[in-house]
Each structure stands twice: as structure tokens, then as C-alpha cells.
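Asker: Sending over coords_34.json (JSON, C-alpha atoms).
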[["chain", "number", "residue", "atom", "x", "y", "z"],
["H", 1088, "MET", "CA", 123.50, 147.03, 114.33],
["H", 1089, "GLU", "CA", 121.84, 144.11, 112.58],
["H", 1090, "THR", "CA", 125.03, 142.07, 112.49],
["H", 1091, "ALA", "CA", 125.91, 142.63, 116.15],
["H", 1092, "LEU", "CA", 122.35, 141.93, 117.24],
["H", 1093, "GLU", "CA", 122.12, 138.78, 115.15],
["H", 1094, "GLU", "CA", 125.44, 137.59, 116.59],
["H", 1095, "ALA", "CA", 123.89, 137.98, 120.05],
["H", 1096, "GLY", "CA", 121.02, 135.69, 119.02],
["H", 1097, "ALA", "CA", 118.39, 138.28, 118.17],
["H", 1098, "SER", "CA", 116.35, 137.68, 115.03],
["H", 1099, "ARG", "CA", 115.27, 140.31, 112.50],
["H", 1100, "GLU", "CA", 111.64, 139.54, 113.28],
["H", 1101, "MET", "CA", 111.95, 140.88, 116.85],
["H", 1102, "PRO", "CA", 111.20, 144.54, 117.59],
["H", 1103, "SER", "CA", 114.42, 146.61, 117.58],
["H", 1104, "ALA", "CA", 114.36, 147.44, 121.29],
["H", 1105, "GLN", "CA", 113.87, 143.79, 122.22],
["H", 1106, "ARG", "CA", 116.79, 142.77, 119.98],
["H", 1107, "ALA", "CA", 118.97, 145.41, 121.63],
["H", 1108, "ILE", "CA", 118.11, 144.21, 125.16],
["H", 1109, "LEU", "CA", 119.06, 140.68, 124.12],
["H", 1110, "CYS", "CA", 122.35, 141.94, 122.76],
["H", 1111, "ALA", "CA", 123.03, 143.87, 125.99],
["H", 1112, "GLY", "CA", 122.64, 140.62, 127.83],
["H", 1113, "ASN", "CA", 124.39, 138.47, 125.23],
["H", 1114, "ALA", "CA", 121.23, 136.40, 125.40],
["H", 1115, "PRO", "CA", 121.04, 133.47, 122.98],
["H", 1116, "GLU", "CA", 117.25, 133.62, 122.88],
["H", 1117, "VAL", "CA", 114.27, 135.35, 124.49],
["H", 1118, "SER", "CA", 113.21, 132.35, 126.56],
["H", 1119, "ALA", "CA", 116.61, 131.82, 128.18],
["H", 1120, "PRO", "CA", 118.29, 135.20, 128.71],
["H", 1121, "ALA", "CA", 121.63, 135.67, 130.36],
["H", 1122, "VAL", "CA", 122.89, 139.10, 131.23],
["H", 1123, "PHE", "CA", 126.36, 138.32, 129.95],
["H", 1124, "SER", "CA", 128.51, 135.37, 129.12],
["H", 1125, "PRO", "CA", 128.45, 132.73, 131.86],
["H", 1126, "LEU", "CA", 130.41, 133.55, 135.00],
["H", 1127, "PRO", "CA", 131.81, 131.23, 137.64],
["H", 1128, "GLU", "CA", 129.21, 129.89, 140.05],
["H", 1129, "ALA", "CA", 130.84, 131.74, 142.92],
["H", 1130, "CYS", "CA", 130.40, 135.12, 141.21],
["H", 1131, "GLU", "CA", 128.82, 137.64, 143.56],
["H", 1132, "GLU", "CA", 128.19, 140.37, 140.99],
["H", 1133, "VAL", "CA", 124.56, 141.27, 140.35],
["H", 1134, "PRO", "CA", 123.93, 140.20, 136.74],
["H", 1135, "VAL", "CA", 123.32, 143.45, 134.89],
["H", 1136, "GLY", "CA", 124.52, 144.05, 131.33],
["H", 1137, "ALA", "CA", 124.63, 147.21, 129.23],
["H", 1138, "LEU", "CA", 125.76, 148.41, 125.85],
["H", 1139, "VAL", "CA", 126.11, 151.69, 123.99],
["H", 1140, "VAL", "CA", 124.93, 151.74, 120.38],
["H", 1141, "SER", "CA", 125.97, 154.47, 117.93],
["H", 1142, "PRO", "CA", 123.39, 156.34, 115.82],
["H", 1143, "GLU", "CA", 124.54, 154.13, 112.91],
["H", 1144, "GLY", "CA", 123.79, 150.99, 114.93],
["H", 1145, "ARG", "CA", 127.34, 149.98, 115.85],
["H", 1146, "ILE", "CA", 127.99, 148.65, 119.34],
["H", 1147, "LEU", "CA", 130.58, 151.01, 120.83],
["H", 1148, "GLY", "CA", 130.80, 149.70, 124.38],
["H", 1149, "ARG", "CA", 129.65, 146.81, 126.54],
["H", 1150, "GLY", "CA", 129.59, 146.56, 130.28],
["H", 1151, "ARG", "CA", 128.61, 144.31, 133.12],
["H", 1152, "ASN", "CA", 128.36, 144.93, 136.82],
["H", 1153, "SER", "CA", 131.73, 144.44, 138.49],
["H", 1154, "PRO", "CA", 131.98, 146.61, 141.64],
["H", 1155, "ILE", "CA", 132.92, 143.66, 143.85],
["H", 1156, "GLY", "CA", 135.57, 142.14, 141.61],
["H", 1157, "SER", "CA", 137.07, 145.50, 140.67],
["H", 1158, "CYS", "CA", 136.78, 147.04, 144.15],
["H", 1159, "ASP", "CA", 135.15, 150.01, 142.42],
["H", 1160, "PRO", "CA", 131.76, 151.26, 143.62],
["H", 1161, "THR", "CA", 131.23, 152.99, 140.26],
["H", 1162, "ALA", "CA", 131.72, 149.82, 138.20],
["H", 1163, "HIS", "CA", 128.08, 149.46, 137.21],
["H", 1164, "ALA", "CA", 127.30, 147.98, 133.80],
["H", 1165, "GLU", "CA", 126.17, 151.35, 132.43],
["H", 1166, "ILE", "CA", 129.30, 153.19, 133.58],
["H", 1167, "THR", "CA", 131.57, 150.52, 132.12],
["H", 1168, "ALA", "CA", 129.73, 150.60, 128.78],
["H", 1169, "LEU", "CA", 129.87, 154.43, 128.70],
["H", 1170, "ARG", "CA", 133.62, 154.41, 129.45],
["H", 1171, "ARG", "CA", 134.35, 151.90, 126.70],
["H", 1172, "ALA", "CA", 132.23, 153.80, 124.16],
["H", 1173, "ALA", "CA", 133.95, 157.08, 125.06],
["H", 1174, "GLU", "CA", 137.34, 155.42, 124.55],
["H", 1175, "VAL", "CA", 136.27, 154.10, 121.14],
["H", 1176, "LEU", "CA", 135.06, 157.53, 120.02],
["H", 1177, "GLY", "CA", 137.84, 159.45, 121.75],
["H", 1178, "ASN", "CA", 135.23, 161.74, 123.29],
["H", 1179, "TYR", "CA", 133.22, 161.62, 126.51],
["H", 1180, "ARG", "CA", 130.21, 163.04, 124.69],
["H", 1181, "LEU", "CA", 128.28, 160.22, 123.11],
["H", 1182, "ASP", "CA", 125.86, 162.41, 121.13],
["H", 1183, "GLY", "CA", 123.05, 160.50, 119.49],
["H", 1184, "CYS", "CA", 123.98, 157.16, 121.08],
["H", 1185, "LEU", "CA", 121.59, 154.77, 122.75],
["H", 1186, "LEU", "CA", 122.23, 153.00, 126.06],
["H", 1187, "VAL", "CA", 120.58, 149.60, 126.43],
["H", 1188, "VAL", "CA", 120.60, 147.98, 129.86],
["H", 1189, "THR", "CA", 118.87, 145.04, 131.48],
["H", 1190, "LEU", "CA", 117.95, 146.92, 134.70],
["H", 1191, "GLU", "CA", 116.67, 150.45, 135.26],
["H", 1192, "PRO", "CA", 119.68, 152.72, 135.95],
["H", 1193, "CYS", "CA", 120.41, 154.08, 139.43],
["H", 1194, "LEU", "CA", 120.96, 157.76, 140.25],
["H", 1195, "MET", "CA", 124.74, 157.58, 139.71],
["H", 1196, "CYS", "CA", 124.25, 156.05, 136.27],
["H", 1197, "VAL", "CA", 121.52, 158.54, 135.34],
["H", 1198, "GLY", "CA", 123.97, 161.37, 136.10],
["H", 1199, "ALA", "CA", 126.67, 159.77, 133.95],
["H", 1200, "ILE", "CA", 124.18, 159.20, 131.11],
["H", 1201, "VAL", "CA", 123.22, 162.89, 131.16],
["H", 1202, "HIS", "CA", 126.85, 164.03, 131.23],
["H", 1203, "ALA", "CA", 127.69, 161.68, 128.34],
["H", 1204, "ARG", "CA", 124.87, 163.28, 126.31],
["H", 1205, "ILE", "CA", 123.27, 159.91, 125.55],
["H", 1206, "ALA", "CA", 120.16, 160.42, 123.39],
["H", 1207, "GLY", "CA", 118.06, 157.63, 124.87],
["H", 1208, "VAL", "CA", 117.94, 154.73, 127.31],
["H", 1209, "VAL", "CA", 116.14, 151.43, 126.83],
["H", 1210, "TYR", "CA", 115.98, 149.11, 129.83],
["H", 1211, "GLY", "CA", 114.43, 145.79, 130.75],
["H", 1212, "ALA", "CA", 113.43, 145.36, 134.40],
["H", 1213, "SER", "CA", 112.36, 148.17, 136.70],
["H", 1214, "ASP", "CA", 114.34, 148.65, 139.91],
["H", 1215, "LEU", "CA", 111.84, 149.43, 142.65],
["H", 1216, "LYS", "CA", 114.60, 149.92, 145.26],
["H", 1217, "ALA", "CA", 117.09, 152.15, 143.43],
["H", 1218, "GLY", "CA", 115.79, 152.91, 139.93],
["H", 1219, "ALA", "CA", 116.25, 156.57, 139.12],
["H", 1220, "VAL", "CA", 114.60, 156.73, 135.71],
["H", 1221, "VAL", "CA", 110.99, 156.37, 136.94],
["H", 1222, "SER", "CA", 110.72, 153.91, 139.85],
["H", 1223, "CYS", "CA", 112.18, 155.95, 142.73],
["H", 1224, "LEU", "CA", 112.99, 159.23, 140.98],
["H", 1225, "ASP", "CA", 112.35, 160.84, 137.61],
["H", 1226, "GLY", "CA", 116.07, 161.42, 137.27],
["H", 1227, "PHE", "CA", 116.07, 162.55, 133.65],
["H", 1228, "GLU", "CA", 113.30, 165.10, 134.34],
["H", 1229, "GLN", "CA", 115.12, 167.25, 136.87],
["H", 1230, "PRO", "CA", 114.67, 170.93, 135.92],
["H", 1231, "PHE", "CA", 118.33, 171.85, 136.46],
["H", 1232, "LEU", "CA", 119.63, 169.38, 133.86],
["H", 1233, "ASN", "CA", 120.87, 170.87, 130.60],
["H", 1234, "HIS", "CA", 120.36, 167.68, 128.56],
["H", 1235, "ARG", "CA", 117.22, 165.62, 128.09],
["H", 1236, "VAL", "CA", 117.31, 161.85, 127.63],
["H", 1237, "TRP", "CA", 114.36, 159.91, 126.31],
["H", 1238, "HIS", "CA", 113.73, 156.55, 127.94],
["H", 1239, "MET", "CA", 111.71, 153.39, 127.50],
["H", 1240, "GLY", "CA", 111.47, 150.61, 130.06],
["H", 1241, "GLY", "CA", 109.90, 147.21, 130.23],
["H", 1242, "ILE", "CA", 111.57, 145.72, 127.15],
["H", 1243, "CYS", "CA", 111.93, 141.98, 127.83],
["H", 1244, "GLU", "CA", 111.05, 142.92, 131.40],
["H", 1245, "GLY", "CA", 109.89, 139.46, 132.44],
["H", 1246, "ALA", "CA", 113.05, 137.74, 131.23],
["H", 1247, "CYS", "CA", 115.34, 140.37, 132.79],
["H", 1248, "ALA", "CA", 113.44, 140.32, 136.10],
["H", 1249, "ASP", "CA", 113.42, 136.50, 136.19],
["H", 1250, "MET", "CA", 117.16, 136.40, 135.74],
["H", 1251, "LEU", "CA", 117.74, 138.88, 138.56],
["H", 1252, "ARG", "CA", 115.23, 137.12, 140.80],
["H", 1253, "GLY", "CA", 116.98, 133.79, 140.17],
["H", 1254, "PHE", "CA", 120.35, 135.31, 141.05],
["H", 1255, "PHE", "CA", 119.11, 136.63, 144.39],
["H", 1256, "GLU", "CA", 117.21, 133.43, 145.22],
["H", 1257, "GLU", "CA", 120.35, 131.40, 144.60],
["H", 1258, "ARG", "CA", 122.41, 133.83, 146.65],
["H", 1259, "ARG", "CA", 119.97, 133.55, 149.58],
["H", 1260, "GLU", "CA", 120.11, 129.74, 149.40],
["H", 1261, "HIS", "CA", 123.91, 129.78, 149.62],
["H", 1262, "THR", "CA", 123.92, 132.09, 152.64],
["H", 1263, "ARG", "CA", 121.54, 129.95, 154.71]]
Transcribe the structure of this file into C-alpha cells.

Answerer:
Amino acid sequence: METALEEAGASREMPSAQRAILCAGNAPEVSAPAVFSPLPEACEEVPVGALVVSPEGRILGRGRNSPIGSCDPTAHAEITALRRAAEVLGNYRLDGCLLVVTLEPCLMCVGAIVHARIAGVVYGASDLKAGAVVSCLDGFEQPFLNHRVWHMGGICEGACADMLRGFFEERREHTR
């Protein structure tokens, strides 16, 4: 994981979870995060990035939000990263893997994370409108689930939230 994280601009001096969030966003540095590589100015996709990391620290899958461009309502960053990791491993069960994402997962993504048997989720910004990890629902704590996922939010929260806020402010300016 060190090599992949360092390639994304994360230094060894940063806490591991912070380095992983930066890698999920392909951020060159903490002070100027970007969820993923630059997109055209006209891009309408909400800038969310995710990655799946193996227990050995290898990045197995990356994803970014693309429901508009792909005409697929399930094309959230988390789902895309899970699909790519499953393809790499040749198995939908991603036992022991970690999902790192810049925004708290929604209910759909929480369900996919449980079904994929992800060990843990680390996320940046909370989603007060649709977050299903803790903000709107304790999705991983439902008694009927047969798999438990640990989770930790708020890693690089300010930087992730600022990026999302900037996206929506710019979008509102263009629609006026």
C-alpha cells in the first residue's frame, strides 16, 4: 500500500487512514484535494472517489461517481470500486478488504459493502442528506445483517467537504 499511496501524493508521515483517503481521491496533497483526476469543466458528476484496498495493502479497485455519464443509477464510486476489485480477485467476496471513500456511503452502497464482505470502511465527509453509515441511518448495525463492517468517518473531512461544497456552489452559479 505504501507505494500506491505515495504515488497518490500521500507521505509516510501521514496517518494511514488519511493517506488512504488521499489515494481514494488521487489528491496530490492535503491542502488541495481532488476526488479524482481532473474532469472537463462541464462534468455534472458529483465528485466522489473510492478505492478498495486488500489486506496486504494493494489497491484492487478504484471508482468515481458516474451515474449521469453511464446512465446507470448504481454507478456510485463505491459500487464501481467494489466491481473492479471483485473482477481482480475473481470473487465477489472481498474478505478482509478496506473500502476508502471521500463521502459517507448511501444505503445502496452500504448494502453492497455488506454483501461484498468488506471488513471496514473509512470515509471523509459525512452526508447529512443520504449517509447510511451514521448520518441518516446506522446501516451497518441492522440486526438482520449477517456480516458486520467496522467504520470510521471524518478522515480529511474538511478537505472532502470543501471539495463537494465547491462543486455544488459552482453548479448553482452555472444554473442561475

Asker: Would you pick out the contacts of Phe1227 in chain H at 7 Å or less, using all atoms listed in the file, so that residues sharing its chain but fewer than 5 positions from it are not included, and give the list as a list in words?

Answerer: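 Once the nearby chain positions are removed, what remains is Val1197, Val1220, Arg1235 and Val1236 of chain H.
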
Asker: Return the single residue from H:Leu1232, H:Ile1146, H:Ala1162, H:Leu1251 that is closest to Asp1214 in chain H, with distances computed using only C-alpha atoms.

Answerer: H:Leu1251

Asker: Which residues, written as a PyMOL selection string, have at least one atom at most 12 Å from Arg1252 in chain H, with all atoms listed in the file counted and residues fewer than 4 positions away on the same chain left out?

Answerer: chain H and resi 1133-1135+1190+1212+1214+1244-1248+1256-1259

Asker: Can you write out the residues you just picked, keeping C-alpha atoms, as a PDB file, in the frame of the given file?

Answerer:
ATOM      1  CA  VAL H1133     124.560 141.270 140.350  1.00  0.00           C
ATOM      2  CA  PRO H1134     123.930 140.200 136.740  1.00  0.00           C
ATOM      3  CA  VAL H1135     123.320 143.450 134.890  1.00  0.00           C
ATOM      4  CA  LEU H1190     117.950 146.920 134.700  1.00  0.00           C
ATOM      5  CA  ALA H1212     113.430 145.360 134.400  1.00  0.00           C
ATOM      6  CA  ASP H1214     114.340 148.650 139.910  1.00  0.00           C
ATOM      7  CA  GLU H1244     111.050 142.920 131.400  1.00  0.00           C
ATOM      8  CA  GLY H1245     109.890 139.460 132.440  1.00  0.00           C
ATOM      9  CA  ALA H1246     113.050 137.740 131.230  1.00  0.00           C
ATOM     10  CA  CYS H1247     115.340 140.370 132.790  1.00  0.00           C
ATOM     11  CA  ALA H1248     113.440 140.320 136.100  1.00  0.00           C
ATOM     12  CA  GLU H1256     117.210 133.430 145.220  1.00  0.00           C
ATOM     13  CA  GLU H1257     120.350 131.400 144.600  1.00  0.00           C
ATOM     14  CA  ARG H1258     122.410 133.830 146.650  1.00  0.00           C
ATOM     15  CA  ARG H1259     119.970 133.550 149.580  1.00  0.00           C
TER      16      ARG H1259
END

Asker: So which residues touch Pro1142 in chain H within 9 Å, counting only C-alpha atoms, skipping near sequence neighbours fewer than 4 positions away, as a PyMOL selection string?

Answerer: chain H and resi 1182-1185

Asker: Taking all atoms listed in the file into account, which of H:Leu1181, H:Met1195, H:Asp1249, H:Arg1145 comes nearest Ser1213 in chain H?

Answerer: H:Asp1249

Asker: Could you tell me how far CA of Arg1151 in chain H lies from CA of Gly1211 in chain H, in Å and to one decimal?

Answerer: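 About the pair CA of Arg1151 in chain H and CA of Gly1211 in chain H: they are 14.5 Å apart.
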